[in-house]
Amino acid sequence: MSTFVDVNIVKYLCSCGKRHPVCRLYLCRHCLKLRCGDCVQHEVDTPYCPNCLENMPSAEAKLKKNRCSNCFDCPSCGHTLTTRATSTSVPDPEDPNKTTPKKMYYMVCGFCRWTTRDVGIQDKPVASGGWEDLENKDTKQIFSLLETYEKIAQKEKAEKERKKYVRRRSYLSYAAGMDKYGMVSVAAKRKQGNLANLSIKENEEVSFSMVKPSETVKTFDPLPESIFTEPIQLDKMSTISQRHASADFQPGESSALYPLHKHLLIRRSLRCKECEHNLSKPEFNPISIKFKIQLIALHHIPEIKIFSLPELNLKKECKVVLTLTNPSAYNCSISFLQPDPKEDNFSNAKVELPKHPIVVAQRDDAALYDDGSQGHEAFKDDPSVIAYRKSNKVGFFMKVKPQNPDEDVKLSFLLKHEYRNTAIALPSENQEPQIASLQHQVFINLGPPKKK
């Protein structure tokens, strides 16, 4: 059970050299190599709001500063604010002497009980879309800076593009004399077209007005005397995390906290950097939890778990029971090899691996509910090697002899298995899946040895 609680006990070696659990690795069916989240290319599919699940294009999300316009976070604790309805009495427009009930809405946090009424925000007649945003006094200055630097970047880009098409007279004069097939005229027309497509022509200059530089503050207002004479009420002061959450205003008091627009999340797809094939691609709709492509290694590579651990006595041989799980739809032959001692800097114990390959049955969902013990006769298992067999799982013995009393017992070995690549086979042409032999290095931490 320790493998389920802590997945870092058993790790596999990625093609980039890092060690990760098998549940955090991907198998590229074209390269036939393991990939992790650090050696794949991450691509943004669509931004979406985690609360209302509204998705939008990346350009629209950029204009909204990657925040949802309808959902808000609590400025005090960060949880999602919910809308509450209340009834108030307003004068009847037909008869001023009478009052009629009217629904009004305000936002409240279900965790810390913060409400918009605490900071003086009036209730709104609509449930969503009627909450105003605070205006930053430096907004015009920020937008003017952005506009100026965009023009400067446009000018620099045009200059780089112009340098690519500088006339080389010596080359053109030589090419004009050797123009046997009329390629010089074609190249000249293409060059003129590229220059015409530039946003800035040769004789034009980018006209932009430099932003007025900010004035240097040399003198500061003195601190008020109340800081030295009156005690500080910490319950009315905002925390550092609350100020950083609202970076535009950074309120110093809790009474100035304002609801924050909820940050958007993204649905991303993973792509192999070597062959540029997709390893993981979710559905476009944020409501769906299904994947169009999901090549997680847990669905293609045999998984090793620790079934039971004996007392790890120092300098004594111990039998550890490990579990092999075959996730594929075919019987899999698995063999174990010793790694190169020069490259293995992880193991600190002597290990005796099974000498013969172990055949693990295919995955059968119906067999998972069968309580009968079968399989030993069909596969002719050796009782000294195989501890148990059920469906697509096999428990086998591995002899370990701890050597270091001050460190955890660690062992490493090579796992070699057959893999049927169904990505290359074409079902329309009745092609057989390609059978490849894959090899992975496995690292297991068995825990500390028993102390005398």
# chains A, B, ... in the order shown; residues from 1 in each chain; ligands from 1
$ residues_around --residues "Asp38 of chain A" --least-positions-apart "2" --cutoff "12 Å" --atoms "only C-alpha atoms" --output "list of chain:residue names"
A:Cys14, A:Ser15, A:Cys16, A:Gly17, A:Lys18, A:Arg19, A:His20, A:Arg24, A:Leu25, A:Tyr26, A:Leu34, A:Arg35, A:Cys36, A:Val40, A:Gln41, A:His42, A:Leu270, A:Arg271, A:Cys272, A:Lys273
$ write_last_selection --atoms "N, CA and C atoms" --output "PDB file, in the first residue's frame"
ATOM      1  N   CYS A  14      13.647   8.641 -17.202  1.00  0.00           N
ATOM      2  CA  CYS A  14      13.172   9.282 -18.425  1.00  0.00           C
ATOM      3  C   CYS A  14      14.301   9.377 -19.436  1.00  0.00           C
ATOM      4  N   SER A  15      13.949   9.628 -20.694  1.00  0.00           N
ATOM      5  CA  SER A  15      14.967   9.757 -21.739  1.00  0.00           C
ATOM      6  C   SER A  15      15.839  10.981 -21.546  1.00  0.00           C
ATOM      7  N   CYS A  16      15.381  11.956 -20.750  1.00  0.00           N
ATOM      8  CA  CYS A  16      16.185  13.154 -20.486  1.00  0.00           C
ATOM      9  C   CYS A  16      17.131  12.965 -19.304  1.00  0.00           C
ATOM     10  N   GLY A  17      17.054  11.824 -18.624  1.00  0.00           N
ATOM     11  CA  GLY A  17      17.951  11.537 -17.516  1.00  0.00           C
ATOM     12  C   GLY A  17      17.354  11.775 -16.143  1.00  0.00           C
ATOM     13  N   LYS A  18      16.109  12.234 -16.056  1.00  0.00           N
ATOM     14  CA  LYS A  18      15.478  12.485 -14.765  1.00  0.00           C
ATOM     15  C   LYS A  18      14.634  11.279 -14.355  1.00  0.00           C
ATOM     16  N   ARG A  19      14.416  11.141 -13.058  1.00  0.00           N
ATOM     17  CA  ARG A  19      13.646  10.030 -12.514  1.00  0.00           C
ATOM     18  C   ARG A  19      12.268  10.516 -12.089  1.00  0.00           C
ATOM     19  N   HIS A  20      11.248   9.806 -12.561  1.00  0.00           N
ATOM     20  CA  HIS A  20       9.865  10.163 -12.258  1.00  0.00           C
ATOM     21  C   HIS A  20       9.062   8.891 -12.039  1.00  0.00           C
ATOM     22  N   ARG A  24       3.651   9.768 -14.010  1.00  0.00           N
ATOM     23  CA  ARG A  24       3.976  11.121 -14.478  1.00  0.00           C
ATOM     24  C   ARG A  24       4.849  11.096 -15.718  1.00  0.00           C
ATOM     25  N   LEU A  25       4.879   9.978 -16.408  1.00  0.00           N
ATOM     26  CA  LEU A  25       5.661   9.832 -17.633  1.00  0.00           C
ATOM     27  C   LEU A  25       4.732   9.557 -18.802  1.00  0.00           C
ATOM     28  N   TYR A  26       5.231   9.830 -20.007  1.00  0.00           N
ATOM     29  CA  TYR A  26       4.511   9.579 -21.243  1.00  0.00           C
ATOM     30  C   TYR A  26       5.389   8.717 -22.151  1.00  0.00           C
ATOM     31  N   LEU A  34      10.532   7.235 -23.315  1.00  0.00           N
ATOM     32  CA  LEU A  34       9.778   7.841 -22.224  1.00  0.00           C
ATOM     33  C   LEU A  34      10.007   9.346 -22.214  1.00  0.00           C
ATOM     34  N   ARG A  35       8.953  10.084 -21.964  1.00  0.00           N
ATOM     35  CA  ARG A  35       9.024  11.546 -21.875  1.00  0.00           C
ATOM     36  C   ARG A  35       8.370  11.983 -20.569  1.00  0.00           C
ATOM     37  N   CYS A  36       8.925  13.035 -19.993  1.00  0.00           N
ATOM     38  CA  CYS A  36       8.358  13.622 -18.777  1.00  0.00           C
ATOM     39  C   CYS A  36       7.885  15.043 -19.078  1.00  0.00           C
ATOM     40  N   VAL A  40       9.025  17.738 -22.801  1.00  0.00           N
ATOM     41  CA  VAL A  40       8.006  17.812 -23.843  1.00  0.00           C
ATOM     42  C   VAL A  40       7.648  19.275 -24.066  1.00  0.00           C
ATOM     43  N   GLN A  41       7.011  19.536 -25.180  1.00  0.00           N
ATOM     44  CA  GLN A  41       6.604  20.892 -25.522  1.00  0.00           C
ATOM     45  C   GLN A  41       5.158  21.113 -25.085  1.00  0.00           C
ATOM     46  N   HIS A  42       4.942  22.130 -24.278  1.00  0.00           N
ATOM     47  CA  HIS A  42       3.615  22.451 -23.772  1.00  0.00           C
ATOM     48  C   HIS A  42       2.964  23.482 -24.695  1.00  0.00           C
ATOM     49  N   LEU A 270       0.413  18.283 -24.866  1.00  0.00           N
ATOM     50  CA  LEU A 270       1.838  17.989 -24.804  1.00  0.00           C
ATOM     51  C   LEU A 270       2.281  17.381 -26.120  1.00  0.00           C
ATOM     52  N   ARG A 271       3.456  17.804 -26.589  1.00  0.00           N
ATOM     53  CA  ARG A 271       3.983  17.345 -27.871  1.00  0.00           C
ATOM     54  C   ARG A 271       5.435  16.904 -27.696  1.00  0.00           C
ATOM     55  N   CYS A 272       5.795  15.821 -28.342  1.00  0.00           N
ATOM     56  CA  CYS A 272       7.173  15.331 -28.294  1.00  0.00           C
ATOM     57  C   CYS A 272       8.075  16.279 -29.080  1.00  0.00           C
ATOM     58  N   LYS A 273       9.188  16.676 -28.491  1.00  0.00           N
ATOM     59  CA  LYS A 273      10.093  17.613 -29.155  1.00  0.00           C
ATOM     60  C   LYS A 273      10.895  16.955 -30.265  1.00  0.00           C
TER      61      LYS A 273
END
$ residues_around --residues "segment 30-33 of chain A" --least-positions-apart "2" --cutoff "12 Å" --atoms "only C-alpha atoms" --output "JSON, numbers by chain"
{"A": [12, 13, 14, 15, 16, 17, 25, 26, 27, 28, 35, 36, 39, 40, 271, 272, 273, 274, 275, 276, 277, 278, 279, 295, 296, 297, 300, 301, 418, 419, 420, 421, 422, 423, 424, 425, 434, 435, 436, 437, 438, 439, 440]}
$ atom_distance --atom1 "atom CA of Ile289 of chain A" --atom2 "atom CA of Asp364 of chain A"
24.0 Å
$ residues_around --residues "Ser69 of chain A" --least-positions-apart "6" --cutoff "12 Å" --atoms "only C-alpha atoms" --output "PyMOL selection string"
chain A and resi 48-49+51-52+54-56+60-61+63+128-133+259-264
$ write_last_selection --atoms "C-alpha atoms" --output "PDB file, in the first residue's frame"
ATOM      1  CA  TYR A  48     -11.055  28.951 -19.463  1.00  0.00           C
ATOM      2  CA  CYS A  49     -12.489  30.040 -16.137  1.00  0.00           C
ATOM      3  CA  ASN A  51     -15.582  28.552 -11.880  1.00  0.00           C
ATOM      4  CA  CYS A  52     -18.043  29.196 -14.723  1.00  0.00           C
ATOM      5  CA  GLU A  54     -16.331  29.726 -19.945  1.00  0.00           C
ATOM      6  CA  ASN A  55     -13.642  29.302 -22.606  1.00  0.00           C
ATOM      7  CA  MET A  56     -12.333  32.035 -24.844  1.00  0.00           C
ATOM      8  CA  GLU A  60      -9.535  37.717 -25.913  1.00  0.00           C
ATOM      9  CA  ALA A  61      -7.996  36.339 -22.719  1.00  0.00           C
ATOM     10  CA  LEU A  63      -7.253  41.673 -23.535  1.00  0.00           C
ATOM     11  CA  SER A 128     -23.838  39.125 -12.585  1.00  0.00           C
ATOM     12  CA  GLY A 129     -22.174  41.698 -14.775  1.00  0.00           C
ATOM     13  CA  GLY A 130     -23.022  44.762 -12.716  1.00  0.00           C
ATOM     14  CA  TRP A 131     -19.921  45.041 -10.564  1.00  0.00           C
ATOM     15  CA  GLU A 132     -17.699  47.983 -11.391  1.00  0.00           C
ATOM     16  CA  ASP A 133     -13.917  47.760 -11.391  1.00  0.00           C
ATOM     17  CA  PRO A 259     -13.256  41.766  -5.109  1.00  0.00           C
ATOM     18  CA  LEU A 260     -10.680  40.313  -7.504  1.00  0.00           C
ATOM     19  CA  HIS A 261     -11.484  38.905 -10.926  1.00  0.00           C
ATOM     20  CA  LYS A 262     -10.760  35.184 -11.027  1.00  0.00           C
ATOM     21  CA  HIS A 263      -7.614  34.032 -12.837  1.00  0.00           C
ATOM     22  CA  LEU A 264      -8.083  31.934 -15.965  1.00  0.00           C
TER      23      LEU A 264
END
$ atom_distance --atom1 "atom CA of Thr216 of chain A" --atom2 "atom CA of Ser144 of chain A"
18.9 Å
$ closest_residue --among "A:Leu312, A:Val360, A:Leu146, A:Leu134" --to "Tyr330 of chain A" --atoms "only C-alpha atoms"
A:Val360
$ atom_distance --atom1 "atom CA of Gly110 of chain A" --atom2 "atom CA of Cys74 of chain A"
9.4 Å
$ closest_residue --among "A:Asp6, A:Asp235, A:Glu43, A:Asp381" --to "Arg268 of chain A" --atoms "only C-alpha atoms"
A:Glu43
$ residues_around --residues "Lys355 of chain A" --least-positions-apart "3" --cutoff "9 Å" --atoms "only C-alpha atoms" --output "PyMOL selection string"
chain A and resi 335-337+352
$ write_last_selection --atoms "N, CA, C and O atoms" --output "PDB file, in the first residue's frame"
ATOM      1  N   SER A 335      11.609  -9.399 -18.641  1.00  0.00           N
ATOM      2  CA  SER A 335      12.861  -9.924 -18.092  1.00  0.00           C
ATOM      3  C   SER A 335      13.588  -8.806 -17.372  1.00  0.00           C
ATOM      4  O   SER A 335      13.374  -7.612 -17.642  1.00  0.00           O
ATOM      5  N   PHE A 336      14.492  -9.203 -16.455  1.00  0.00           N
ATOM      6  CA  PHE A 336      15.219  -8.246 -15.617  1.00  0.00           C
ATOM      7  C   PHE A 336      16.714  -8.393 -15.872  1.00  0.00           C
ATOM      8  O   PHE A 336      17.235  -9.509 -15.987  1.00  0.00           O
ATOM      9  N   LEU A 337      17.393  -7.246 -15.945  1.00  0.00           N
ATOM     10  CA  LEU A 337      18.830  -7.223 -16.208  1.00  0.00           C
ATOM     11  C   LEU A 337      19.504  -6.330 -15.181  1.00  0.00           C
ATOM     12  O   LEU A 337      18.891  -5.398 -14.630  1.00  0.00           O
ATOM     13  N   GLU A 352      19.447  -9.979  -6.251  1.00  0.00           N
ATOM     14  CA  GLU A 352      19.398 -11.177  -7.087  1.00  0.00           C
ATOM     15  C   GLU A 352      18.088 -11.159  -7.865  1.00  0.00           C
ATOM     16  O   GLU A 352      17.004 -11.336  -7.302  1.00  0.00           O
TER      17      GLU A 352
END
$ closest_residue --among "A:Ala349, A:Leu257, A:Ala366, A:Ala85" --to "Lys236 of chain A" --atoms "only C-alpha atoms"
A:Leu257
$ residues_around --residues "Pro101 of chain A" --least-positions-apart "2" --cutoff "8 Å" --atoms "only C-alpha atoms" --output "PyMOL selection string"
chain A and resi 87-90+99+103
$ residues_around --residues "Ser58 of chain A" --least-positions-apart "5" --cutoff "10 Å" --atoms "only C-alpha atoms" --output "compact mmCIF listing (two decimals) with all heavy atoms, in the first residue's frame"
# COMPACT_ATOMS: atom_id res chain seq x y z
N VAL A 44 -0.69 25.70 -25.44
CA VAL A 44 -1.95 26.18 -24.87
C VAL A 44 -3.07 25.93 -25.88
O VAL A 44 -3.01 26.40 -27.01
CB VAL A 44 -1.86 27.67 -24.52
CG1 VAL A 44 -3.19 28.17 -23.99
CG2 VAL A 44 -0.76 27.91 -23.51
N ASP A 45 -4.08 25.17 -25.45
CA ASP A 45 -5.24 24.92 -26.32
C ASP A 45 -6.29 26.01 -26.17
O ASP A 45 -6.69 26.63 -27.15
CB ASP A 45 -5.86 23.55 -25.99
CG ASP A 45 -5.01 22.41 -26.53
OD1 ASP A 45 -4.12 22.69 -27.35
OD2 ASP A 45 -5.23 21.26 -26.13
N THR A 46 -6.74 26.23 -24.96
CA THR A 46 -7.77 27.25 -24.74
C THR A 46 -7.75 27.70 -23.30
O THR A 46 -7.66 26.86 -22.39
CB THR A 46 -9.17 26.73 -25.12
OG1 THR A 46 -10.15 27.68 -24.72
CG2 THR A 46 -9.46 25.41 -24.44
N PRO A 47 -7.80 29.00 -23.03
CA PRO A 47 -7.99 29.48 -21.65
C PRO A 47 -9.46 29.34 -21.24
O PRO A 47 -10.37 29.46 -22.07
CB PRO A 47 -7.56 30.95 -21.71
CG PRO A 47 -6.89 31.13 -23.04
CD PRO A 47 -7.49 30.10 -23.93
N TYR A 48 -9.68 29.09 -19.96
CA TYR A 48 -11.05 28.95 -19.46
C TYR A 48 -11.09 29.35 -18.00
O TYR A 48 -10.07 29.37 -17.30
CB TYR A 48 -11.56 27.52 -19.64
CG TYR A 48 -10.94 26.51 -18.72
CD1 TYR A 48 -11.56 26.12 -17.54
CD2 TYR A 48 -9.70 25.96 -19.00
CE1 TYR A 48 -10.98 25.21 -16.68
CE2 TYR A 48 -9.10 25.05 -18.16
CZ TYR A 48 -9.75 24.67 -17.00
OH TYR A 48 -9.16 23.78 -16.15
N LEU A 63 -6.63 40.36 -23.73
CA LEU A 63 -7.25 41.67 -23.53
C LEU A 63 -7.88 41.78 -22.15
O LEU A 63 -7.89 42.86 -21.55
CB LEU A 63 -8.31 41.91 -24.62
CG LEU A 63 -7.80 42.08 -26.05
CD1 LEU A 63 -8.96 42.21 -27.01
CD2 LEU A 63 -6.89 43.30 -26.15
N LYS A 64 -8.39 40.67 -21.63
CA LYS A 64 -9.01 40.68 -20.30
C LYS A 64 -7.99 40.43 -19.19
O LYS A 64 -8.38 40.19 -18.03
CB LYS A 64 -10.10 39.61 -20.23
CG LYS A 64 -11.29 39.90 -21.13
CD LYS A 64 -12.37 38.84 -20.96
CE LYS A 64 -13.59 39.15 -21.81
NZ LYS A 64 -14.65 38.12 -21.66
N ASN A 66 -6.14 37.90 -18.68
CA ASN A 66 -6.23 36.51 -18.22
C ASN A 66 -7.09 36.38 -16.96
O ASN A 66 -6.76 35.63 -16.04
CB ASN A 66 -4.83 35.92 -17.97
CG ASN A 66 -4.06 35.74 -19.26
OD1 ASN A 66 -4.63 35.35 -20.28
ND2 ASN A 66 -2.77 36.01 -19.22
N ILE A 266 -5.74 27.14 -18.16
CA ILE A 266 -5.59 26.75 -19.56
C ILE A 266 -5.71 25.24 -19.68
O ILE A 266 -5.37 24.50 -18.75
CB ILE A 266 -4.24 27.21 -20.15
CG1 ILE A 266 -3.07 26.61 -19.36
CG2 ILE A 266 -4.14 28.71 -20.21
CD1 ILE A 266 -1.73 26.82 -20.01
$ select_by_dssp --residues "segment 208-411 of chain A" --states "alpha helix (DSSP H)" --output "ChimeraX atom specification"
/A:226-229,240-245,376-379
$ closest_residue --among "A:Ile304, A:Glu215, A:Arg389, A:Lys290" --to "Pro21 of chain A" --atoms "only C-alpha atoms"
A:Ile304
$ closest_residue --among "A:Val217, A:Asp340, A:Lys281, A:Val409" --to "Glu311 of chain A" --atoms "only C-alpha atoms"
A:Val409
$ residues_around --residues "Thr83 of chain A" --least-positions-apart "6" --cutoff "8 Å" --atoms "only C-alpha atoms" --output "PDB file with N, CA, C and O atoms, in the first residue's frame"
ATOM      1  N   TYR A 105     -28.708  42.050  -4.991  1.00  0.00           N
ATOM      2  CA  TYR A 105     -27.679  41.003  -4.912  1.00  0.00           C
ATOM      3  C   TYR A 105     -26.385  41.579  -4.361  1.00  0.00           C
ATOM      4  O   TYR A 105     -26.029  42.742  -4.623  1.00  0.00           O
ATOM      5  N   TYR A 106     -25.689  40.742  -3.589  1.00  0.00           N
ATOM      6  CA  TYR A 106     -24.352  41.081  -3.104  1.00  0.00           C
ATOM      7  C   TYR A 106     -23.524  39.801  -3.079  1.00  0.00           C
ATOM      8  O   TYR A 106     -24.050  38.686  -3.167  1.00  0.00           O
ATOM      9  N   MET A 107     -22.227  39.946  -2.949  1.00  0.00           N
ATOM     10  CA  MET A 107     -21.319  38.798  -2.975  1.00  0.00           C
ATOM     11  C   MET A 107     -20.787  38.527  -1.579  1.00  0.00           C
ATOM     12  O   MET A 107     -20.509  39.460  -0.803  1.00  0.00           O
ATOM     13  N   VAL A 108     -20.624  37.234  -1.284  1.00  0.00           N
ATOM     14  CA  VAL A 108     -20.168  36.814   0.023  1.00  0.00           C
ATOM     15  C   VAL A 108     -19.215  35.642  -0.160  1.00  0.00           C
ATOM     16  O   VAL A 108     -19.340  34.854  -1.097  1.00  0.00           O
ATOM     17  N   ALA A 127     -27.670  39.895 -10.927  1.00  0.00           N
ATOM     18  CA  ALA A 127     -26.848  38.907 -10.243  1.00  0.00           C
ATOM     19  C   ALA A 127     -25.418  38.901 -10.740  1.00  0.00           C
ATOM     20  O   ALA A 127     -24.475  38.663  -9.977  1.00  0.00           O
TER      21      ALA A 127
END
